[in-house]
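A.B. asks: See data37.pdb below, with PDB, C-alpha atoms.
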```pdb
ATOM      1  CA  MET A   1     151.142  39.526 147.288
ATOM      2  CA  GLN A   2     154.872  38.884 147.335
ATOM      3  CA  LYS A   3     155.972  35.247 147.404
ATOM      4  CA  LYS A   4     158.152  34.066 150.240
ATOM      5  CA  LYS A   5     161.737  33.140 149.386
ATOM      6  CA  TYR A   6     163.490  30.083 150.790
ATOM      7  CA  ASN A   7     167.231  29.450 150.971
ATOM      8  CA  ILE A   8     166.728  25.690 150.536
ATOM      9  CA  SER A   9     163.625  23.557 150.098
ATOM     10  CA  VAL A  10     163.902  21.897 153.523
ATOM     11  CA  GLU A  11     162.780  25.249 154.964
ATOM     12  CA  ALA A  12     159.410  24.763 153.252
ATOM     13  CA  THR A  13     159.134  21.258 154.722
ATOM     14  CA  LEU A  14     159.964  22.468 158.225
ATOM     15  CA  GLU A  15     157.496  25.318 157.854
ATOM     16  CA  VAL A  16     154.745  22.707 157.475
ATOM     17  CA  ILE A  17     155.867  19.890 159.831
ATOM     18  CA  GLY A  18     158.410  21.623 162.062
ATOM     19  CA  GLY A  19     158.077  22.131 165.768
ATOM     20  CA  LYS A  20     157.706  19.801 168.690
ATOM     21  CA  TRP A  21     154.204  18.472 168.041
ATOM     22  CA  LYS A  22     153.297  18.387 164.366
ATOM     23  CA  CYS A  23     155.265  15.249 163.492
ATOM     24  CA  VAL A  24     153.887  13.507 166.583
ATOM     25  CA  ILE A  25     150.330  14.390 165.561
ATOM     26  CA  LEU A  26     151.003  13.209 162.022
ATOM     27  CA  CYS A  27     152.497   9.926 163.251
ATOM     28  CA  HIS A  28     149.368   9.241 165.299
ATOM     29  CA  LEU A  29     147.175  10.044 162.298
ATOM     30  CA  THR A  30     149.067   7.534 160.142
ATOM     31  CA  HIS A  31     147.259   4.932 162.277
ATOM     32  CA  GLY A  32     143.815   6.273 161.375
ATOM     33  CA  LYS A  33     141.330   8.985 162.199
ATOM     34  CA  LYS A  34     141.495  10.486 165.659
ATOM     35  CA  ARG A  35     139.276  12.777 167.670
ATOM     36  CA  THR A  36     140.860  15.727 169.453
ATOM     37  CA  SER A  37     140.375  14.008 172.811
ATOM     38  CA  GLU A  38     142.140  10.861 171.523
ATOM     39  CA  LEU A  39     145.114  12.912 170.341
ATOM     40  CA  LYS A  40     145.251  14.694 173.702
ATOM     41  CA  ARG A  41     145.245  11.341 175.518
ATOM     42  CA  LEU A  42     148.038  10.053 173.255
ATOM     43  CA  MET A  43     150.100  13.210 173.910
ATOM     44  CA  PRO A  44     149.429  14.024 177.567
ATOM     45  CA  THR A  45     152.036  16.796 177.827
ATOM     46  CA  ILE A  46     150.619  18.923 174.993
ATOM     47  CA  THR A  47     148.266  21.692 176.085
ATOM     48  CA  GLN A  48     144.787  21.861 174.588
ATOM     49  CA  LYS A  49     145.596  25.289 173.152
ATOM     50  CA  MET A  50     148.755  24.015 171.441
ATOM     51  CA  LEU A  51     147.001  20.921 170.087
ATOM     52  CA  THR A  52     144.226  23.053 168.612
ATOM     53  CA  GLN A  53     146.749  25.471 167.089
ATOM     54  CA  GLN A  54     148.847  22.691 165.541
ATOM     55  CA  LEU A  55     145.763  20.945 164.121
ATOM     56  CA  ARG A  56     144.570  24.215 162.562
ATOM     57  CA  GLU A  57     147.963  24.866 160.979
ATOM     58  CA  LEU A  58     148.194  21.326 159.588
ATOM     59  CA  GLU A  59     144.685  21.693 158.189
ATOM     60  CA  GLU A  60     145.508  25.081 156.626
ATOM     61  CA  ASP A  61     148.534  23.509 154.930
ATOM     62  CA  GLY A  62     146.323  20.749 153.512
ATOM     63  CA  VAL A  63     148.154  17.973 155.363
ATOM     64  CA  ILE A  64     145.161  16.847 157.432
ATOM     65  CA  ASN A  65     141.408  16.846 156.951
ATOM     66  CA  ARG A  66     138.986  17.959 159.644
ATOM     67  CA  ILE A  67     135.783  15.943 159.488
ATOM     68  CA  VAL A  68     132.764  17.412 161.269
ATOM     69  CA  TYR A  69     129.817  15.100 161.904
ATOM     70  CA  ASN A  70     126.399  16.736 162.111
ATOM     71  CA  GLN A  71     125.231  15.269 165.390
ATOM     72  CA  VAL A  72     124.625  16.158 169.020
ATOM     73  CA  PRO A  73     126.993  16.308 170.786
ATOM     74  CA  PRO A  74     129.231  17.509 167.951
ATOM     75  CA  LYS A  75     131.872  15.078 166.759
ATOM     76  CA  VAL A  76     135.073  16.115 164.983
ATOM     77  CA  GLU A  77     137.780  13.789 163.688
ATOM     78  CA  TYR A  78     141.095  14.407 161.998
ATOM     79  CA  GLU A  79     142.761  12.286 159.346
ATOM     80  CA  LEU A  80     145.724  12.582 157.031
ATOM     81  CA  SER A  81     144.778  14.038 153.689
ATOM     82  CA  GLU A  82     146.025  12.422 150.519
ATOM     83  CA  TYR A  83     148.698  15.125 150.447
ATOM     84  CA  GLY A  84     149.541  14.356 154.090
ATOM     85  CA  ARG A  85     150.003  10.661 153.261
ATOM     86  CA  SER A  86     152.934  11.731 151.088
ATOM     87  CA  LEU A  87     154.760  12.543 154.376
ATOM     88  CA  GLU A  88     154.605   8.956 155.696
ATOM     89  CA  GLY A  89     158.027   8.057 154.285
ATOM     90  CA  ILE A  90     159.616  11.081 155.936
ATOM     91  CA  LEU A  91     157.879  10.327 159.245
ATOM     92  CA  ASN A  92     159.039   6.696 159.167
ATOM     93  CA  LEU A  93     162.615   7.813 158.534
ATOM     94  CA  LEU A  94     162.450  10.316 161.405
ATOM     95  CA  CYS A  95     161.185   7.565 163.743
ATOM     96  CA  ALA A  96     163.930   5.173 162.641
ATOM     97  CA  TRP A  97     166.599   7.833 163.168
ATOM     98  CA  GLY A  98     165.160   8.624 166.597
ATOM     99  CA  GLU A  99     165.308   4.954 167.613
ATOM    100  CA  THR A 100     168.942   4.754 166.525
ATOM    101  CA  HIS A 101     169.718   7.959 168.404
ATOM    102  CA  LEU A 102     168.034   6.743 171.598
ATOM    103  CA  THR A 103     169.955   3.474 171.447
ATOM    104  CA  ARG A 104     173.208   5.363 170.882
ATOM    105  CA  VAL A 105     172.632   7.736 173.778
ATOM    106  CA  TYR A 106     170.850   5.492 176.306
ATOM    107  CA  GLY A 107     171.822   1.979 175.249
ATOM    108  CA  ASP A 108     168.309   0.630 175.674
ATOM    109  CA  LYS A 109     165.717   2.825 173.962
ATOM    110  CA  PHE A 110     162.936   1.279 176.060
ATOM    111  CA  LEU A 111     164.395   2.908 179.171
ATOM    112  CA  VAL A 112     163.246   6.280 177.838
ATOM    113  CA  LEU A 113     160.351   5.462 175.483
ATOM    114  CA  GLU A 114     156.863   5.794 176.943
ATOM    115  CA  ASP A 115     154.343   2.998 176.562
ATOM    116  CA  SER A 116     152.483   4.163 173.483
ATOM    117  CA  VAL A 117     150.640   2.644 170.581
ATOM    118  CA  LEU A 118     153.347   4.092 168.314
ATOM    119  CA  ASN A 119     156.056   2.198 170.215
ATOM    120  CA  GLU A 120     154.276  -1.169 170.280
ATOM    121  CA  GLN A 121     155.774  -2.297 166.954
ATOM    122  CA  LEU A 122     159.309  -1.712 168.303
ATOM    123  CA  LYS A 123     159.033  -4.469 170.900
TER     124      LYS A 123
END
```
Kindly transcribe the structure held in the file into structure tokens.
C.D. replies:
Amino acid sequence: MQKKKYNISVEATLEVIGGKWKCVILCHLTHGKKRTSELKRLMPTITQKMLTQQLRELEEDGVINRIVYNQVPPKVEYELSEYGRSLEGILNLLCAWGETHLTRVYGDKFLVLEDSVLNEQLK
């Protein structure tokens, strides 16, 4: 198997956390384990298919753990893996930059930020 080549290392980072939803999922998981239905409720505009796909990719990359409980009805939770916890600094910096950007563009970031558990600490 031939190894993939990258021009710069940020390509490898974006391959794992890039896209519209992965960082959002990871940010929610920094606040603890979540069931799929909880994540869907926290991100109402993501489709179930996309959420499932993104969770599978994050799990394949070793960034999150999928915990299956042997019970009826079945219960599945997701959490950051130890490796995934190493992304918390990056995620915090992305959030801080986004807040600055929203303030720059809109003046008051709360005019465009949804009410969300992730935005509670900003108030």
A.B. asks: Counting all atoms listed in the file, find the residues whose atoms lie at most 10 Å from (141.5, 21.6, 169.3) (file coordinates) and write them out as a VMD selection string.
C.D. replies: chain A and resid 35 to 37 39 to 40 47 to 56 76
A.B. asks: Taking 5 positions as the minimum chain separation for residues in the same chain, which residues sit within 10 Å of Glu57 (chain A) when counting all atoms listed in the file? Answer as a PDB file with C-alpha atoms, keeping the file's coordinate frame.
C.D. replies:
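Dumped to around-v6.pdb:
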```pdb
ATOM      1  CA  VAL A  16     154.745  22.707 157.475  1.00  0.00           C
ATOM      2  CA  ILE A  17     155.867  19.890 159.831  1.00  0.00           C
ATOM      3  CA  LYS A  22     153.297  18.387 164.366  1.00  0.00           C
ATOM      4  CA  LEU A  51     147.001  20.921 170.087  1.00  0.00           C
ATOM      5  CA  THR A  52     144.226  23.053 168.612  1.00  0.00           C
ATOM      6  CA  GLY A  62     146.323  20.749 153.512  1.00  0.00           C
ATOM      7  CA  VAL A  63     148.154  17.973 155.363  1.00  0.00           C
ATOM      8  CA  ILE A  64     145.161  16.847 157.432  1.00  0.00           C
TER       9      ILE A  64
END
```
A.B. asks: So the first atom is CA of Ile8 (chain A) and the second is CA of Gly98 (chain A); what is the distance between them in Å, to one decimal place?
C.D. replies: 23.5 Å
A.B. asks: Please, what distance in Å, to one decimal, runs between CA of Val24 (chain A) and CA of Leu91 (chain A)?
C.D. replies: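 Separation between CA of Val24 (chain A) and CA of Leu91 (chain A): 8.9 Å.
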A.B. asks: Grab the CA of Gly32 (chain A) to CA of Val112 (chain A) distance for me, in Å with one decimal place.
C.D. replies: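 Interatomic distance, CA of Gly32 (chain A) to CA of Val112 (chain A): 25.5 Å.
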A.B. asks: Emit as AutoDock Vina command-line options the padded axis-aligned box for all listed atoms of region 89-108 of chain A, 5 Å per side, with centre and edge lengths in Å to one decimal.
C.D. replies:
```
--center_x 165.5 --center_y 5.9 --center_z 165.3 --size_x 25.3 --size_y 20.5 --size_z 32.0
```
A.B. asks: Please write the residues picked by the PyMOL selection byres ((chain A and resi 81) around 10) on this file as a PyMOL selection string.
C.D. replies: chain A and resi 29+58-59+62-66+78-80+82-86
A.B. asks: May I ask which of the residues A:His101, A:Lys4, A:His31, A:Ala12 is the closest one to Glu88 (chain A), counting only C-alpha atoms?
C.D. replies: A:His31
A.B. asks: Let me make sure I understand: among A:Pro73, A:Pro44, A:Gly107, A:Gly89, which one has the smallest atom-to-atom distance to Cys27 (chain A) if we use all atoms listed in the file?
C.D. replies: A:Gly89
A.B. asks: Could you check the closest approach to Thr45 (chain A) for each of A:Lys20, A:Glu60, A:Pro74, A:Leu93 and tell me which residue wins, using only C-alpha atoms?
C.D. replies: A:Lys20
A.B. asks: Would you kindly place N, CA and C atoms on region 86-110 of chain A and return the model as a PDB file, in the frame of the given file?
C.D. replies:
```
ATOM      1  N   SER A  86     151.635  11.663 151.756  1.00  0.00           N
ATOM      2  CA  SER A  86     152.934  11.731 151.088  1.00  0.00           C
ATOM      3  C   SER A  86     154.073  11.970 152.082  1.00  0.00           C
ATOM      4  N   LEU A  87     153.752  12.328 153.329  1.00  0.00           N
ATOM      5  CA  LEU A  87     154.760  12.543 154.376  1.00  0.00           C
ATOM      6  C   LEU A  87     155.111  11.266 155.137  1.00  0.00           C
ATOM      7  N   GLU A  88     154.383  10.175 154.909  1.00  0.00           N
ATOM      8  CA  GLU A  88     154.605   8.956 155.696  1.00  0.00           C
ATOM      9  C   GLU A  88     156.039   8.452 155.597  1.00  0.00           C
ATOM     10  N   GLY A  89     156.642   8.500 154.428  1.00  0.00           N
ATOM     11  CA  GLY A  89     158.027   8.057 154.285  1.00  0.00           C
ATOM     12  C   GLY A  89     158.977   8.878 155.141  1.00  0.00           C
ATOM     13  N   ILE A  90     158.787  10.182 155.128  1.00  0.00           N
ATOM     14  CA  ILE A  90     159.616  11.081 155.936  1.00  0.00           C
ATOM     15  C   ILE A  90     159.421  10.784 157.421  1.00  0.00           C
ATOM     16  N   LEU A  91     158.179  10.606 157.836  1.00  0.00           N
ATOM     17  CA  LEU A  91     157.879  10.327 159.245  1.00  0.00           C
ATOM     18  C   LEU A  91     158.503   9.005 159.691  1.00  0.00           C
ATOM     19  N   ASN A  92     158.425   7.990 158.836  1.00  0.00           N
ATOM     20  CA  ASN A  92     159.039   6.696 159.167  1.00  0.00           C
ATOM     21  C   ASN A  92     160.551   6.822 159.312  1.00  0.00           C
ATOM     22  N   LEU A  93     161.168   7.604 158.440  1.00  0.00           N
ATOM     23  CA  LEU A  93     162.615   7.813 158.534  1.00  0.00           C
ATOM     24  C   LEU A  93     162.989   8.575 159.799  1.00  0.00           C
ATOM     25  N   LEU A  94     162.192   9.567 160.169  1.00  0.00           N
ATOM     26  CA  LEU A  94     162.450  10.316 161.405  1.00  0.00           C
ATOM     27  C   LEU A  94     162.335   9.401 162.626  1.00  0.00           C
ATOM     28  N   CYS A  95     161.342   8.518 162.627  1.00  0.00           N
ATOM     29  CA  CYS A  95     161.185   7.565 163.743  1.00  0.00           C
ATOM     30  C   CYS A  95     162.378   6.619 163.808  1.00  0.00           C
ATOM     31  N   ALA A  96     162.794   6.107 162.668  1.00  0.00           N
ATOM     32  CA  ALA A  96     163.930   5.173 162.641  1.00  0.00           C
ATOM     33  C   ALA A  96     165.199   5.864 163.136  1.00  0.00           C
ATOM     34  N   TRP A  97     165.418   7.101 162.708  1.00  0.00           N
ATOM     35  CA  TRP A  97     166.599   7.833 163.168  1.00  0.00           C
ATOM     36  C   TRP A  97     166.523   8.052 164.674  1.00  0.00           C
ATOM     37  N   GLY A  98     165.335   8.405 165.162  1.00  0.00           N
ATOM     38  CA  GLY A  98     165.160   8.624 166.597  1.00  0.00           C
ATOM     39  C   GLY A  98     165.448   7.373 167.408  1.00  0.00           C
ATOM     40  N   GLU A  99     165.024   6.213 166.918  1.00  0.00           N
ATOM     41  CA  GLU A  99     165.308   4.954 167.613  1.00  0.00           C
ATOM     42  C   GLU A  99     166.815   4.714 167.683  1.00  0.00           C
ATOM     43  N   THR A 100     167.490   4.929 166.564  1.00  0.00           N
ATOM     44  CA  THR A 100     168.942   4.754 166.525  1.00  0.00           C
ATOM     45  C   THR A 100     169.616   5.713 167.497  1.00  0.00           C
ATOM     46  N   HIS A 101     169.155   6.944 167.510  1.00  0.00           N
ATOM     47  CA  HIS A 101     169.718   7.959 168.404  1.00  0.00           C
ATOM     48  C   HIS A 101     169.512   7.568 169.868  1.00  0.00           C
ATOM     49  N   LEU A 102     168.308   7.136 170.210  1.00  0.00           N
ATOM     50  CA  LEU A 102     168.034   6.743 171.598  1.00  0.00           C
ATOM     51  C   LEU A 102     168.910   5.580 172.028  1.00  0.00           C
ATOM     52  N   THR A 103     169.098   4.617 171.137  1.00  0.00           N
ATOM     53  CA  THR A 103     169.955   3.474 171.447  1.00  0.00           C
ATOM     54  C   THR A 103     171.395   3.928 171.632  1.00  0.00           C
ATOM     55  N   ARG A 104     171.837   4.847 170.795  1.00  0.00           N
ATOM     56  CA  ARG A 104     173.208   5.363 170.882  1.00  0.00           C
ATOM     57  C   ARG A 104     173.438   6.101 172.197  1.00  0.00           C
ATOM     58  N   VAL A 105     172.473   6.902 172.594  1.00  0.00           N
ATOM     59  CA  VAL A 105     172.632   7.736 173.778  1.00  0.00           C
ATOM     60  C   VAL A 105     172.348   6.969 175.075  1.00  0.00           C
ATOM     61  N   TYR A 106     171.298   6.133 175.064  1.00  0.00           N
ATOM     62  CA  TYR A 106     170.850   5.492 176.306  1.00  0.00           C
ATOM     63  C   TYR A 106     171.123   3.993 176.365  1.00  0.00           C
ATOM     64  N   GLY A 107     171.586   3.417 175.281  1.00  0.00           N
ATOM     65  CA  GLY A 107     171.822   1.979 175.249  1.00  0.00           C
ATOM     66  C   GLY A 107     170.548   1.203 174.969  1.00  0.00           C
ATOM     67  N   ASP A 108     169.588   1.311 175.846  1.00  0.00           N
ATOM     68  CA  ASP A 108     168.309   0.630 175.674  1.00  0.00           C
ATOM     69  C   ASP A 108     167.234   1.693 175.478  1.00  0.00           C
ATOM     70  N   LYS A 109     166.708   1.782 174.266  1.00  0.00           N
ATOM     71  CA  LYS A 109     165.717   2.825 173.962  1.00  0.00           C
ATOM     72  C   LYS A 109     164.453   2.699 174.806  1.00  0.00           C
ATOM     73  N   PHE A 110     164.151   1.472 175.281  1.00  0.00           N
ATOM     74  CA  PHE A 110     162.936   1.279 176.060  1.00  0.00           C
ATOM     75  C   PHE A 110     163.038   1.856 177.471  1.00  0.00           C
TER      76      PHE A 110
END
```
